[in-house]
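Chemist: Structure file structure_35.csv (CSV, C-alpha atoms) is given on the next line.
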```csv
chain,number,residue,atom,x,y,z
B,1,MET,CA,39.4,133.5,41.5
B,2,ASN,CA,41.3,135.5,44.1
B,3,THR,CA,43.3,133.1,46.3
B,4,VAL,CA,46.2,133.2,48.8
B,5,LYS,CA,48.4,130.5,50.2
B,6,LEU,CA,48.8,130.5,54.0
B,7,SER,CA,50.8,128.4,56.4
B,8,PRO,CA,48.5,126.7,58.9
B,9,PRO,CA,49.0,127.6,62.6
B,10,LYS,CA,51.8,125.6,64.3
B,11,LYS,CA,50.5,123.3,67.0
B,12,SER,CA,53.9,122.8,68.6
B,13,LYS,CA,56.4,125.7,68.7
B,14,ALA,CA,59.2,123.3,69.8
B,15,LEU,CA,58.5,120.8,67.1
B,16,GLY,CA,58.3,123.5,64.5
B,17,CYS,CA,61.8,124.8,65.5
B,18,LEU,CA,63.5,121.4,65.9
B,19,TYR,CA,62.2,119.7,62.8
B,20,PRO,CA,64.0,121.8,60.2
B,21,MET,CA,67.3,121.6,62.1
B,22,VAL,CA,67.1,117.8,62.5
B,23,ARG,CA,66.2,117.5,58.8
B,24,GLU,CA,69.2,119.5,57.7
B,25,ILE,CA,71.5,117.6,60.1
B,26,ILE,CA,70.4,114.2,58.8
B,27,ALA,CA,70.7,115.4,55.2
B,28,GLY,CA,74.2,116.8,55.9
B,29,PHE,CA,75.5,113.6,57.5
B,30,GLY,CA,74.1,111.6,54.7
B,31,ALA,CA,76.0,113.6,52.2
B,32,ILE,CA,79.2,113.3,54.3
B,33,PHE,CA,78.9,109.6,54.6
B,34,VAL,CA,78.7,109.4,50.8
B,35,PHE,CA,81.4,111.9,50.0
B,36,LEU,CA,84.0,110.7,52.6
B,37,PRO,CA,84.4,107.1,51.4
B,38,LEU,CA,84.4,108.2,47.8
B,39,SER,CA,87.0,110.8,48.4
B,40,ILE,CA,89.2,108.3,50.2
B,41,PHE,CA,88.8,105.9,47.4
B,42,ILE,CA,89.5,108.5,44.7
B,43,PHE,CA,92.6,109.8,46.6
B,44,ILE,CA,94.1,106.4,46.9
B,45,LYS,CA,93.3,105.6,43.3
B,46,ASP,CA,95.0,108.8,42.1
B,47,ILE,CA,98.1,108.0,44.1
B,48,LEU,CA,98.3,104.5,42.7
B,49,ASP,CA,97.6,105.7,39.1
B,50,GLY,CA,100.0,108.7,39.5
B,51,SER,CA,97.4,111.1,38.3
B,52,GLU,CA,97.0,114.6,39.8
B,53,LYS,CA,93.3,115.2,39.0
B,54,SER,CA,90.4,112.9,38.4
B,55,VAL,CA,86.9,113.4,37.0
B,56,LEU,CA,85.8,111.1,39.8
B,57,TRP,CA,86.0,114.0,42.2
B,58,ILE,CA,83.2,115.7,40.2
B,59,LEU,CA,81.2,112.5,40.4
B,60,ALA,CA,81.7,112.2,44.1
B,61,PHE,CA,80.6,115.8,44.7
B,62,ALA,CA,77.5,115.3,42.5
B,63,LEU,CA,76.6,112.1,44.3
B,64,SER,CA,76.9,113.9,47.7
B,65,LEU,CA,74.7,116.7,46.5
B,66,GLY,CA,72.2,114.2,45.2
B,67,THR,CA,72.2,112.4,48.6
B,68,TYR,CA,71.7,115.7,50.5
B,69,PHE,CA,68.7,116.8,48.4
B,70,GLY,CA,67.3,113.3,48.3
B,71,ILE,CA,67.2,113.0,52.0
B,72,ARG,CA,65.7,116.4,52.4
B,73,HIS,CA,63.0,115.3,49.9
B,74,LEU,CA,62.2,112.3,52.1
B,75,PHE,CA,61.5,114.7,55.0
B,76,PRO,CA,59.0,117.3,53.6
B,77,PRO,CA,58.2,120.6,55.3
B,78,LEU,CA,56.3,120.0,58.5
B,79,TYR,CA,53.7,122.5,57.6
B,80,LYS,CA,52.4,122.8,54.0
B,81,LYS,CA,50.8,125.9,52.9
B,82,VAL,CA,47.0,125.8,52.2
B,83,GLU,CA,45.2,127.8,49.6
B,84,VAL,CA,42.1,129.8,50.6
B,85,GLU,CA,39.7,131.8,48.5
B,86,LEU,CA,39.4,135.5,49.1
B,87,PRO,CA,36.3,137.7,48.6
B,88,GLU,CA,36.4,139.7,45.4
B,89,ASP,CA,36.7,143.0,47.3
B,90,LEU,CA,39.6,141.8,49.5
B,91,SER,CA,43.0,141.8,47.8
B,92,LYS,CA,45.8,139.4,48.6
B,93,ASP,CA,48.2,142.1,49.7
B,94,THR,CA,45.6,143.7,52.0
B,95,PHE,CA,44.7,140.4,53.6
B,96,ILE,CA,48.3,139.3,54.2
B,97,ALA,CA,49.2,142.8,55.6
B,98,PHE,CA,46.2,142.6,57.9
B,99,LEU,CA,47.3,139.2,59.3
B,100,LYS,CA,50.9,140.3,59.7
B,101,THR,CA,50.0,143.5,61.5
B,102,CYS,CA,47.7,141.7,63.9
B,103,SER,CA,50.3,139.0,64.6
B,104,GLU,CA,53.0,141.6,65.3
B,105,ASN,CA,50.7,143.6,67.7
B,106,LEU,CA,49.7,140.4,69.5
B,107,THR,CA,53.4,139.7,70.0
B,108,LEU,CA,53.9,143.1,71.6
B,109,LEU,CA,50.9,142.5,73.9
B,110,LYS,CA,52.4,139.1,75.0
B,111,LYS,CA,55.7,140.8,75.8
B,112,ASP,CA,53.8,143.4,77.8
B,113,ALA,CA,52.0,140.7,79.7
B,114,GLU,CA,55.3,139.2,80.8
B,115,SER,CA,56.2,142.5,82.5
B,116,ILE,CA,53.0,142.7,84.5
B,117,ASN,CA,53.5,141.9,88.2
B,118,LYS,CA,49.8,141.7,89.1
B,119,LEU,CA,49.1,138.1,88.3
B,120,PRO,CA,45.3,138.3,87.8
B,121,PHE,CA,45.7,141.2,85.4
B,122,ARG,CA,48.5,139.4,83.6
B,123,SER,CA,46.2,136.4,83.1
B,124,THR,CA,43.5,138.8,81.7
B,125,VAL,CA,46.0,140.2,79.1
B,126,LEU,CA,47.2,136.7,78.2
B,127,HIS,CA,43.6,135.6,77.8
B,128,LEU,CA,43.1,138.5,75.4
B,129,CYS,CA,46.1,137.5,73.4
B,130,GLN,CA,44.7,133.9,73.2
B,131,LEU,CA,41.5,135.3,71.9
B,132,GLY,CA,43.4,137.3,69.4
B,133,ASP,CA,45.3,134.2,68.2
B,134,GLU,CA,42.0,132.3,67.8
B,135,LEU,CA,40.6,135.2,65.8
B,136,LEU,CA,43.6,135.1,63.4
B,137,VAL,CA,43.1,131.3,63.0
B,138,ASN,CA,39.4,132.1,62.1
B,139,PHE,CA,40.5,134.8,59.6
B,140,GLU,CA,42.9,132.4,57.9
B,141,LYS,CA,40.3,129.8,57.5
B,142,VAL,CA,37.5,132.2,56.5
B,143,PRO,CA,39.1,135.3,55.0
B,144,ARG,CA,35.8,137.2,54.5
B,145,ASN,CA,35.5,137.3,58.3
B,146,ALA,CA,38.4,139.7,58.4
B,147,GLN,CA,36.2,142.3,56.8
B,148,VAL,CA,34.2,142.7,60.0
B,149,ALA,CA,37.3,143.3,62.0
B,150,GLN,CA,39.3,145.8,59.8
B,151,THR,CA,40.1,147.9,62.9
B,152,LEU,CA,41.5,145.0,64.8
B,153,PRO,CA,45.2,145.9,64.1
B,154,ASP,CA,44.7,149.4,65.3
B,155,ARG,CA,42.8,148.3,68.4
B,156,LEU,CA,45.6,145.8,69.3
B,157,TYR,CA,48.3,148.5,69.0
B,158,ARG,CA,46.3,150.9,71.1
B,159,LEU,CA,46.0,148.3,73.8
B,160,HIS,CA,49.8,147.8,73.6
B,161,GLU,CA,50.3,151.6,74.0
B,162,MET,CA,47.9,151.6,77.0
B,163,LEU,CA,49.8,148.7,78.6
B,164,ILE,CA,53.1,150.6,78.2
B,165,GLY,CA,51.7,153.5,80.1
B,166,TYR,CA,50.3,151.0,82.7
B,167,LEU,CA,53.6,149.4,83.2
B,168,ASP,CA,55.3,152.8,83.6
B,169,LEU,CA,52.8,153.8,86.3
B,170,SER,CA,52.5,150.5,88.1
B,171,THR,CA,56.3,150.3,88.7
B,172,GLN,CA,56.4,153.6,90.5
B,173,ARG,CA,57.0,153.3,94.2
B,174,ASN,CA,54.9,156.3,95.3
B,175,GLN,CA,51.4,156.2,93.9
B,176,SER,CA,49.1,159.2,93.9
B,177,PRO,CA,45.3,158.9,93.8
B,178,GLN,CA,45.4,160.0,90.2
B,179,THR,CA,47.9,157.3,89.2
B,180,MET,CA,46.0,154.6,91.1
B,181,ARG,CA,42.8,155.7,89.3
B,182,ALA,CA,44.6,155.6,85.9
B,183,ILE,CA,45.9,152.1,86.7
B,184,ASP,CA,42.4,150.9,87.7
B,185,ASN,CA,40.9,152.4,84.5
B,186,THR,CA,43.4,150.6,82.4
B,187,GLU,CA,42.6,147.3,83.9
B,188,LYS,CA,38.9,147.9,83.4
B,189,ALA,CA,39.5,148.9,79.8
B,190,VAL,CA,41.4,145.7,79.1
B,191,ILE,CA,38.7,143.6,80.8
B,192,LYS,CA,36.2,145.3,78.5
B,193,ALA,CA,38.3,144.6,75.5
B,194,VAL,CA,38.4,140.9,76.4
B,195,ALA,CA,34.6,140.9,76.5
B,196,LYS,CA,34.5,142.6,73.0
B,197,PHE,CA,37.0,140.0,71.7
B,198,GLU,CA,34.8,137.2,73.0
B,199,GLN,CA,31.7,138.7,71.4
B,200,LEU,CA,33.5,139.0,68.1
B,201,HIS,CA,34.8,135.4,68.3
B,202,HIS,CA,31.3,134.1,69.1
B,203,ARG,CA,29.8,136.1,66.2
B,204,LEU,CA,32.3,134.7,63.7
B,205,LEU,CA,31.6,131.1,65.0
B,206,GLU,CA,27.9,131.7,64.6
B,207,ASN,CA,28.5,132.9,61.0
B,208,ASN,CA,30.5,129.8,60.3
B,209,ALA,CA,27.8,127.6,61.8
B,210,MET,CA,25.2,129.3,59.6
B,211,ASP,CA,27.3,128.7,56.5
B,212,LEU,CA,27.7,125.1,57.5
B,213,SER,CA,23.9,124.7,58.0
B,214,THR,CA,23.2,126.4,54.7
B,215,ASN,CA,25.6,124.0,52.9
B,216,ALA,CA,24.1,121.0,54.6
B,217,LYS,CA,20.6,122.1,53.6
B,218,THR,CA,21.8,122.6,50.0
B,219,LEU,CA,23.4,119.2,49.9
B,220,ASP,CA,20.2,117.7,51.4
B,221,ASP,CA,18.1,119.3,48.6
B,222,LEU,CA,20.5,118.1,46.0
B,223,LEU,CA,20.3,114.5,47.3
B,224,ASP,CA,16.5,114.6,47.4
B,225,PHE,CA,15.5,112.7,44.3
B,226,ASP,CA,11.8,112.3,45.2
```
Would you encode the structure as structure tokens?

Modeler:
Amino acid sequence: MNTVKLSPPKKSKALGCLYPMVREIIAGFGAIFVFLPLSIFIFIKDILDGSEKSVLWILAFALSLGTYFGIRHLFPPLYKKVEVELPEDLSKDTFIAFLKTCSENLTLLKKDAESINKLPFRSTVLHLCQLGDELLVNFEKVPRNAQVAQTLPDRLYRLHEMLIGYLDLSTQRNQSPQTMRAIDNTEKAVIKAVAKFEQLHHRLLENNAMDLSTNAKTLDDLLDFD
């Protein structure tokens, strides 16, 4: 069976960033609180005994490491990877590369949106990015759906290139009729892309709904003992 492990989408970016840091800080302080009293005890004991070295230092170090890793074990990773089954004709490397490229291109589009001064159009681009994120979530849950959107990475990058040209023209002080027409055409193209993304999103949801209905009917048939 061809499977791949994926990290589920993070619901909170702030929580996702703070949790590992807090986890390491707590584990570090725990190790210090164990090592410090032991080191003071061993130091005083060595002075009183007149010995220069003591194997107790090794024990203190080992206990500190044990405390560190023990505390980290008490705070497991916030997001555990989930395993999903891939279609036979979709390799693990191809699927992961597909998701990675889509994610990278969506990041470029989000950065482009931040530079757009026209608020309605910026909202349109951000909505497109949101649809793109939702599509990636769908692909991660149902990998076979990615096969109907194999050109998505290329389309996302072309949109990015289009927005780069749009930003270059829209920031010019003197606009000619031709540049104004190009800007207007770009905005219309992005609006059309949003509609296409929505259609794809709805299509995938319908496919998922059909699969769910089929599974429910199968289960109903299996439970029918009459």

Chemist: Counting only C-alpha atoms, which of B:Lys100, B:Glu161, B:Lys45, B:Ala27 gets nearest to Gly70 in chain B?

Modeler: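 Of B:Lys100, B:Glu161, B:Lys45, B:Ala27, the one nearest Gly70 in chain B, counting only C-alpha atoms, is B:Ala27.
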
Chemist: Mind pulling up the distance from CA of Ala31 in chain B to CA of Asp46 in chain B?

Modeler: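 CA of Asp46 in chain B sits 22.0 Å away from CA of Ala31 in chain B.
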
Chemist: Hey, what's within 9 Å of Gly132 in chain B if we count all atoms listed in the file and toss same-chain stuff fewer than 5 positions away? As a list of chain:residue names, please?

Modeler: B:Cys102, B:Ser103, B:Leu106, B:His127, B:Val137, B:Leu156, B:Phe197, B:His201

Chemist: Nearest to Phe95 in chain B: which of B:Tyr68, B:Phe139, B:Phe121, B:Phe29 is it, counting all atoms listed in the file?

Modeler: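 Checking each candidate against Phe95 in chain B, we get B:Phe139 as the closest.
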
Chemist: Which neighbours of Asn117 in chain B fall inside 12 Å, counting only C-alpha atoms, when residues of the same chain fewer than 2 positions from it are skipped, and could you give them as a list in words?

Modeler: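 Once the adjacent positions are removed, what remains is Asp112, Ala113, Glu114, Ser115, Leu119, Pro120, Phe121, Arg122, Ser123, Val125, Tyr166, Leu167, Asp168, Ser170 and Thr171 of chain B.
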
Chemist: Please dump the current selection as a compact mmCIF listing (two decimals), keeping the file's coordinate frame; keep C-alpha atoms.

Modeler:
```txt
# COMPACT_ATOMS: atom_id res chain seq x y z
CA ASP B 112 53.80 143.40 77.80
CA ALA B 113 52.00 140.70 79.70
CA GLU B 114 55.30 139.20 80.80
CA SER B 115 56.20 142.50 82.50
CA LEU B 119 49.10 138.10 88.30
CA PRO B 120 45.30 138.30 87.80
CA PHE B 121 45.70 141.20 85.40
CA ARG B 122 48.50 139.40 83.60
CA SER B 123 46.20 136.40 83.10
CA VAL B 125 46.00 140.20 79.10
CA TYR B 166 50.30 151.00 82.70
CA LEU B 167 53.60 149.40 83.20
CA ASP B 168 55.30 152.80 83.60
CA SER B 170 52.50 150.50 88.10
CA THR B 171 56.30 150.30 88.70
```

Chemist: Just to confirm, what's the straight-line distance from CA of Ala149 in chain B to CA of Asp93 in chain B in Å (one decimal)?

Modeler: 16.5 Å

Chemist: How many Å separate CA of Lys118 in chain B from CA of Ile191 in chain B?

Modeler: 14.0 Å

Chemist: Give me the residues near His160 in chain B as a list in words, where near means some atom within 7 Å (using all atoms listed in the file) and where sequence neighbours in that chain fewer than 4 positions away do not count.

Modeler: Leu108, Leu109, Leu156 and Ile164 of chain B

Chemist: Given all atoms listed in the file as the basis, pick out the residue of B:Lys110, B:Lys188, B:Arg158, B:Lys92 nearest to Asp133 in chain B.

Modeler: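 For Asp133 in chain B, the nearest of the candidates is B:Lys110.
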
Chemist: Skipping near chain neighbours, those fewer than 3 positions away, what residues fall within 10 Å of Leu56 in chain B using all atoms listed in the file, listed as a PyMOL selection string?

Modeler: chain B and resi 38-39+41-43+45-46+53+59-62

Chemist: Check the smallest atom-to-atom distance from each of B:Arg144, B:Met180, B:Lys111, B:Pro37 to Leu163 in chain B using all atoms listed in the file, then report the winner.

Modeler: B:Lys111

Chemist: Which neighbours of Val190 in chain B fall inside 8 Å, counting only C-alpha atoms, when residues of the same chain fewer than 2 positions from it are skipped, and could you give them as a PyMOL selection string?

Modeler: chain B and resi 124-125+159+186-188+192-194

Chemist: Would you save range 86-116 of chain B to a file, keeping N, CA, C and O atoms, as a PDB file, in the first residue's frame?

Modeler:
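To be explicit, this is the file written out as part.pdb:
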```pdb
ATOM      1  N   LEU B  86      -2.168   6.762  -0.761  1.00  0.00           N
ATOM      2  CA  LEU B  86      -2.044   7.358  -2.084  1.00  0.00           C
ATOM      3  C   LEU B  86      -2.571   6.407  -3.155  1.00  0.00           C
ATOM      4  O   LEU B  86      -2.491   5.189  -3.009  1.00  0.00           O
ATOM      5  N   PRO B  87      -3.100   6.955  -4.246  1.00  0.00           N
ATOM      6  CA  PRO B  87      -3.486   6.099  -5.378  1.00  0.00           C
ATOM      7  C   PRO B  87      -2.259   5.369  -5.924  1.00  0.00           C
ATOM      8  O   PRO B  87      -1.126   5.835  -5.769  1.00  0.00           O
ATOM      9  N   GLU B  88      -2.481   4.260  -6.568  1.00  0.00           N
ATOM     10  CA  GLU B  88      -1.371   3.445  -7.074  1.00  0.00           C
ATOM     11  C   GLU B  88      -0.524   4.195  -8.098  1.00  0.00           C
ATOM     12  O   GLU B  88       0.686   3.970  -8.194  1.00  0.00           O
ATOM     13  N   ASP B  89      -1.153   5.080  -8.879  1.00  0.00           N
ATOM     14  CA  ASP B  89      -0.416   5.783  -9.931  1.00  0.00           C
ATOM     15  C   ASP B  89       0.110   7.142  -9.476  1.00  0.00           C
ATOM     16  O   ASP B  89       0.520   7.958 -10.294  1.00  0.00           O
ATOM     17  N   LEU B  90       0.110   7.387  -8.154  1.00  0.00           N
ATOM     18  CA  LEU B  90       0.642   8.644  -7.619  1.00  0.00           C
ATOM     19  C   LEU B  90       1.735   8.310  -6.612  1.00  0.00           C
ATOM     20  O   LEU B  90       1.476   7.757  -5.545  1.00  0.00           O
ATOM     21  N   SER B  91       2.979   8.661  -6.962  1.00  0.00           N
ATOM     22  CA  SER B  91       4.104   8.336  -6.077  1.00  0.00           C
ATOM     23  C   SER B  91       4.184   9.322  -4.913  1.00  0.00           C
ATOM     24  O   SER B  91       3.668  10.442  -4.989  1.00  0.00           O
ATOM     25  N   LYS B  92       4.840   8.886  -3.863  1.00  0.00           N
ATOM     26  CA  LYS B  92       5.010   9.715  -2.670  1.00  0.00           C
ATOM     27  C   LYS B  92       5.780  10.993  -2.995  1.00  0.00           C
ATOM     28  O   LYS B  92       5.397  12.094  -2.585  1.00  0.00           O
ATOM     29  N   ASP B  93       6.877  10.853  -3.741  1.00  0.00           N
ATOM     30  CA  ASP B  93       7.704  12.016  -4.074  1.00  0.00           C
ATOM     31  C   ASP B  93       6.937  13.026  -4.929  1.00  0.00           C
ATOM     32  O   ASP B  93       7.043  14.244  -4.716  1.00  0.00           O
ATOM     33  N   THR B  94       6.166  12.523  -5.886  1.00  0.00           N
ATOM     34  CA  THR B  94       5.391  13.421  -6.752  1.00  0.00           C
ATOM     35  C   THR B  94       4.349  14.176  -5.954  1.00  0.00           C
ATOM     36  O   THR B  94       4.153  15.399  -6.138  1.00  0.00           O
ATOM     37  N   PHE B  95       3.684  13.483  -5.053  1.00  0.00           N
ATOM     38  CA  PHE B  95       2.625  14.109  -4.248  1.00  0.00           C
ATOM     39  C   PHE B  95       3.194  15.171  -3.315  1.00  0.00           C
ATOM     40  O   PHE B  95       2.658  16.281  -3.210  1.00  0.00           O
ATOM     41  N   ILE B  96       4.288  14.846  -2.643  1.00  0.00           N
ATOM     42  CA  ILE B  96       4.905  15.806  -1.718  1.00  0.00           C
ATOM     43  C   ILE B  96       5.426  17.028  -2.476  1.00  0.00           C
ATOM     44  O   ILE B  96       5.276  18.167  -2.031  1.00  0.00           O
ATOM     45  N   ALA B  97       6.039  16.796  -3.649  1.00  0.00           N
ATOM     46  CA  ALA B  97       6.546  17.907  -4.462  1.00  0.00           C
ATOM     47  C   ALA B  97       5.392  18.791  -4.933  1.00  0.00           C
ATOM     48  O   ALA B  97       5.514  20.021  -4.974  1.00  0.00           O
ATOM     49  N   PHE B  98       4.267  18.170  -5.272  1.00  0.00           N
ATOM     50  CA  PHE B  98       3.079  18.911  -5.698  1.00  0.00           C
ATOM     51  C   PHE B  98       2.598  19.837  -4.585  1.00  0.00           C
ATOM     52  O   PHE B  98       2.358  21.040  -4.804  1.00  0.00           O
ATOM     53  N   LEU B  99       2.452  19.299  -3.384  1.00  0.00           N
ATOM     54  CA  LEU B  99       1.987  20.105  -2.248  1.00  0.00           C
ATOM     55  C   LEU B  99       2.975  21.224  -1.913  1.00  0.00           C
ATOM     56  O   LEU B  99       2.572  22.360  -1.640  1.00  0.00           O
ATOM     57  N   LYS B 100       4.265  20.894  -1.947  1.00  0.00           N
ATOM     58  CA  LYS B 100       5.292  21.884  -1.612  1.00  0.00           C
ATOM     59  C   LYS B 100       5.299  23.036  -2.602  1.00  0.00           C
ATOM     60  O   LYS B 100       5.341  24.214  -2.208  1.00  0.00           O
ATOM     61  N   THR B 101       5.216  22.719  -3.901  1.00  0.00           N
ATOM     62  CA  THR B 101       5.234  23.765  -4.926  1.00  0.00           C
ATOM     63  C   THR B 101       3.996  24.637  -4.829  1.00  0.00           C
ATOM     64  O   THR B 101       4.087  25.871  -4.944  1.00  0.00           O
ATOM     65  N   CYS B 102       2.845  24.025  -4.603  1.00  0.00           N
ATOM     66  CA  CYS B 102       1.612  24.805  -4.450  1.00  0.00           C
ATOM     67  C   CYS B 102       1.719  25.749  -3.254  1.00  0.00           C
ATOM     68  O   CYS B 102       1.341  26.925  -3.333  1.00  0.00           O
ATOM     69  N   SER B 103       2.224  25.231  -2.139  1.00  0.00           N
ATOM     70  CA  SER B 103       2.359  26.040  -0.929  1.00  0.00           C
ATOM     71  C   SER B 103       3.311  27.214  -1.144  1.00  0.00           C
ATOM     72  O   SER B 103       3.043  28.346  -0.719  1.00  0.00           O
ATOM     73  N   GLU B 104       4.440  26.957  -1.811  1.00  0.00           N
ATOM     74  CA  GLU B 104       5.422  28.013  -2.075  1.00  0.00           C
ATOM     75  C   GLU B 104       4.831  29.101  -2.983  1.00  0.00           C
ATOM     76  O   GLU B 104       5.034  30.303  -2.749  1.00  0.00           O
ATOM     77  N   ASN B 105       4.091  28.689  -4.009  1.00  0.00           N
ATOM     78  CA  ASN B 105       3.500  29.666  -4.926  1.00  0.00           C
ATOM     79  C   ASN B 105       2.379  30.462  -4.263  1.00  0.00           C
ATOM     80  O   ASN B 105       2.195  31.644  -4.556  1.00  0.00           O
ATOM     81  N   LEU B 106       1.641  29.823  -3.359  1.00  0.00           N
ATOM     82  CA  LEU B 106       0.621  30.554  -2.605  1.00  0.00           C
ATOM     83  C   LEU B 106       1.254  31.589  -1.688  1.00  0.00           C
ATOM     84  O   LEU B 106       0.720  32.689  -1.506  1.00  0.00           O
ATOM     85  N   THR B 107       2.408  31.256  -1.139  1.00  0.00           N
ATOM     86  CA  THR B 107       3.131  32.220  -0.301  1.00  0.00           C
ATOM     87  C   THR B 107       3.552  33.440  -1.123  1.00  0.00           C
ATOM     88  O   THR B 107       3.459  34.587  -0.654  1.00  0.00           O
ATOM     89  N   LEU B 108       3.986  33.209  -2.352  1.00  0.00           N
ATOM     90  CA  LEU B 108       4.341  34.321  -3.248  1.00  0.00           C
ATOM     91  C   LEU B 108       3.128  35.201  -3.538  1.00  0.00           C
ATOM     92  O   LEU B 108       3.231  36.435  -3.529  1.00  0.00           O
ATOM     93  N   LEU B 109       1.984  34.575  -3.769  1.00  0.00           N
ATOM     94  CA  LEU B 109       0.765  35.335  -4.056  1.00  0.00           C
ATOM     95  C   LEU B 109       0.331  36.166  -2.847  1.00  0.00           C
ATOM     96  O   LEU B 109      -0.142  37.303  -2.994  1.00  0.00           O
ATOM     97  N   LYS B 110       0.495  35.613  -1.662  1.00  0.00           N
ATOM     98  CA  LYS B 110       0.128  36.351  -0.445  1.00  0.00           C
ATOM     99  C   LYS B 110       1.024  37.578  -0.267  1.00  0.00           C
ATOM    100  O   LYS B 110       0.557  38.635   0.166  1.00  0.00           O
ATOM    101  N   LYS B 111       2.294  37.423  -0.598  1.00  0.00           N
ATOM    102  CA  LYS B 111       3.209  38.566  -0.524  1.00  0.00           C
ATOM    103  C   LYS B 111       2.847  39.609  -1.572  1.00  0.00           C
ATOM    104  O   LYS B 111       2.933  40.821  -1.320  1.00  0.00           O
ATOM    105  N   ASP B 112       2.439  39.147  -2.752  1.00  0.00           N
ATOM    106  CA  ASP B 112       1.991  40.077  -3.794  1.00  0.00           C
ATOM    107  C   ASP B 112       0.780  40.872  -3.312  1.00  0.00           C
ATOM    108  O   ASP B 112       0.689  42.088  -3.540  1.00  0.00           O
ATOM    109  N   ALA B 113      -0.139  40.178  -2.651  1.00  0.00           N
ATOM    110  CA  ALA B 113      -1.367  40.834  -2.178  1.00  0.00           C
ATOM    111  C   ALA B 113      -1.055  41.958  -1.190  1.00  0.00           C
ATOM    112  O   ALA B 113      -1.740  42.982  -1.176  1.00  0.00           O
ATOM    113  N   GLU B 114      -0.017  41.758  -0.374  1.00  0.00           N
ATOM    114  CA  GLU B 114       0.339  42.779   0.614  1.00  0.00           C
ATOM    115  C   GLU B 114       0.780  44.085  -0.042  1.00  0.00           C
ATOM    116  O   GLU B 114       0.680  45.154   0.562  1.00  0.00           O
ATOM    117  N   SER B 115       1.249  44.004  -1.285  1.00  0.00           N
ATOM    118  CA  SER B 115       1.755  45.193  -1.981  1.00  0.00           C
ATOM    119  C   SER B 115       0.696  45.869  -2.846  1.00  0.00           C
ATOM    120  O   SER B 115       0.972  46.919  -3.431  1.00  0.00           O
ATOM    121  N   ILE B 116      -0.488  45.292  -2.925  1.00  0.00           N
ATOM    122  CA  ILE B 116      -1.549  45.871  -3.755  1.00  0.00           C
ATOM    123  C   ILE B 116      -2.262  46.980  -2.976  1.00  0.00           C
ATOM    124  O   ILE B 116      -2.775  46.738  -1.883  1.00  0.00           O
TER     125      ILE B 116
END
```
